[in-house]
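Visitor: To start, I am sharing the structure in question, which I have written as structure tokens.
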Amino acid sequence: MKLITSLLLLFAFVQTVAQDNIGFEQGTFEGWTLSYGTVDENGFVTLYRNEKMGTLNEGHKIFSRTDGNDPRVGIPMVASGSRYSARIGNPSTGSYFDKISTTFIATPEKSLFQYKFAVVLQDPGHLTFRQPAFSILVQIDGEKAPCGFYEVAAGRGIPGFITKGSLIYRDWTIGSIDLRRYIGKKITISIRAQDCTEGGHWGYAYFDAELIKSEIRTGVYCLEDSTIILQAPEGFAAYEWFNGQKTTQIKMKFDKSSGVFVKVKPFSSLDEDCEIRFDFNPPTDVQVVSYSFDVCEGDR
């Protein structure tokens, strides 16, 4: 009994550490597992072999805001509004992959996994399964989460990427994964960057994350004309409000009886039809509204 209790306490501690440092706020990888291995191929399929715990050739590195911009493509190495980021991968060749992963329990107050990433890949023009690549994978109790996957291999003309000589890169992008259906379940996040399978070209990415509540947030309530500004969660590929508006934020007349909602589509390379709905509940949500005359007057 003592052993079981001790293991449960240790598991709870690990989950707390993972949640508290999921965005590397401590300037460390505390709560994350670091690993690396080799990439190979077999019949048009990329294989990941010889995975070992630890790091190799600075394949995992923390950067702070004062570290400036990426020396190859000029983008910030830390996302706007963040203090730290992690770089996964490095500008060294050798057919390696580098990975970070963490596990936590989804709770009602931490039910939206929001991440930011930027990617730099060499593009040697190999077949896709041989190219440098980057991926984000979310698993629920060990199973791949619906719409919880993003993957990109180097290539020309990829939406969101910019070409610079032999490189393609993507500036900081926000993504989000809704965890409300998985409250109490074990969530595992894995981020991987890899070289090409032939060994002569590299890829790496910068990454940051946070856990917040899945909800429509109230911004400003204007007393004079009874309008309210509502903000949907950031980090989705597309938005559509109940009134057809396709922005992350709307301004509307406040009415507690109104059925206000927004449908969003995540970034996903598995299923572009993935859709999530967030509902606004005025009887409770309006209690957190801040009141501002200046913003309301300036918004006219």
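Residue numbers start at 1 in each chain; chains themselves are named A, B, ... in the order of the structure tokens; ligands are numbered from 1 in the order shown.
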May I have a table of the residues of range 189-284 of chain A lying at most 8 Å from range 33-43 of chain A, giving each one's closest pair of atoms and their distance in Å to one decimal, counting only C-alpha atoms, ordered by chain and ascending residue number, as a tab-separated table?

Guide:
```
residue	atom	partner	partner_atom	distance
A:Gln194	CA	A:Val39	CA	7.4
A:Asp195	CA	A:Val39	CA	7.4
A:Cys196	CA	A:Val39	CA	7.4
A:Thr197	CA	A:Asp40	CA	5.1
A:Glu198	CA	A:Asp40	CA	7.9
```

Visitor: Give me, as a list of chain:residue names, all polymer residues having an atom no more than 10 Å from Thr128 in chain A, counting only C-alpha atoms and skipping those fewer than 4 positions away in the same chain.

Guide: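 Listing them by chain and then by number gives A:Phe44, A:Val45, A:Thr46, A:Pro132, A:Ala133, A:Val152, A:Ala153, A:Ala154, A:Gly155, A:Cys196.
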
Visitor: Selected residues, N, CA and C atoms, written as an mmCIF file, in the first residue's frame, please.

Guide:
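Saved to out.cif:
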```cif
data_model
loop_
_atom_site.group_PDB
_atom_site.id
_atom_site.type_symbol
_atom_site.label_atom_id
_atom_site.label_comp_id
_atom_site.auth_asym_id
_atom_site.auth_seq_id
_atom_site.Cartn_x
_atom_site.Cartn_y
_atom_site.Cartn_z
ATOM 1 N N PHE A 44 9.080 4.001 -48.989
ATOM 2 C CA PHE A 44 8.343 5.261 -48.969
ATOM 3 C C PHE A 44 7.812 5.636 -47.587
ATOM 4 N N VAL A 45 8.347 5.046 -46.542
ATOM 5 C CA VAL A 45 7.935 5.340 -45.166
ATOM 6 C C VAL A 45 9.168 5.766 -44.369
ATOM 7 N N THR A 46 9.038 6.835 -43.599
ATOM 8 C CA THR A 46 10.126 7.286 -42.731
ATOM 9 C C THR A 46 10.128 6.460 -41.455
ATOM 10 N N PRO A 132 13.875 16.693 -44.603
ATOM 11 C CA PRO A 132 13.787 17.218 -43.239
ATOM 12 C C PRO A 132 12.326 17.546 -42.920
ATOM 13 N N ALA A 133 11.918 17.382 -41.665
ATOM 14 C CA ALA A 133 10.501 17.531 -41.334
ATOM 15 C C ALA A 133 10.319 17.949 -39.876
ATOM 16 N N VAL A 152 4.833 18.614 -41.224
ATOM 17 C CA VAL A 152 5.243 19.240 -42.476
ATOM 18 C C VAL A 152 6.637 18.756 -42.831
ATOM 19 N N ALA A 153 6.826 18.391 -44.097
ATOM 20 C CA ALA A 153 8.138 18.052 -44.621
ATOM 21 C C ALA A 153 8.558 19.149 -45.584
ATOM 22 N N ALA A 154 9.858 19.360 -45.709
ATOM 23 C CA ALA A 154 10.363 20.434 -46.566
ATOM 24 C C ALA A 154 9.861 20.278 -47.994
ATOM 25 N N GLY A 155 9.582 21.419 -48.620
ATOM 26 C CA GLY A 155 9.108 21.423 -50.000
ATOM 27 C C GLY A 155 8.750 22.833 -50.412
ATOM 28 N N CYS A 196 17.173 14.982 -43.008
ATOM 29 C CA CYS A 196 16.746 14.109 -44.105
ATOM 30 C C CYS A 196 17.310 12.708 -43.873
#
```

Visitor: What are the closest atom pairs, with distances in Å to one decimal, for each residue of range 122-177 of chain A lying within 8 Å of range 65-89 of chain A, using only C-alpha atoms, rows by chain and rising residue number, as JSON lines?

Guide:
```
{"residue": "A:Lys164", "atom": "CA", "partner": "A:Val73", "partner_atom": "CA", "distance": 7.4}
{"residue": "A:Tyr169", "atom": "CA", "partner": "A:Val73", "partner_atom": "CA", "distance": 7.4}
{"residue": "A:Asp171", "atom": "CA", "partner": "A:Ile75", "partner_atom": "CA", "distance": 6.3}
{"residue": "A:Trp172", "atom": "CA", "partner": "A:Ala79", "partner_atom": "CA", "distance": 6.3}
```

Visitor: Nearest to Glu109 in chain A: which of A:Ala205, A:Ile228, A:Val262, A:Ile183 is it, counting only C-alpha atoms?

Guide: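 Among the listed residues, A:Ile183 lies closest to Glu109 in chain A.
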
Visitor: Compile the contact shell of Ser135 in chain A as a ChimeraX atom specification: residues with an atom at most 7 Å away, counting only C-alpha atoms, same-chain residues fewer than 5 positions apart removed.

Guide: /A:150-152,191-193
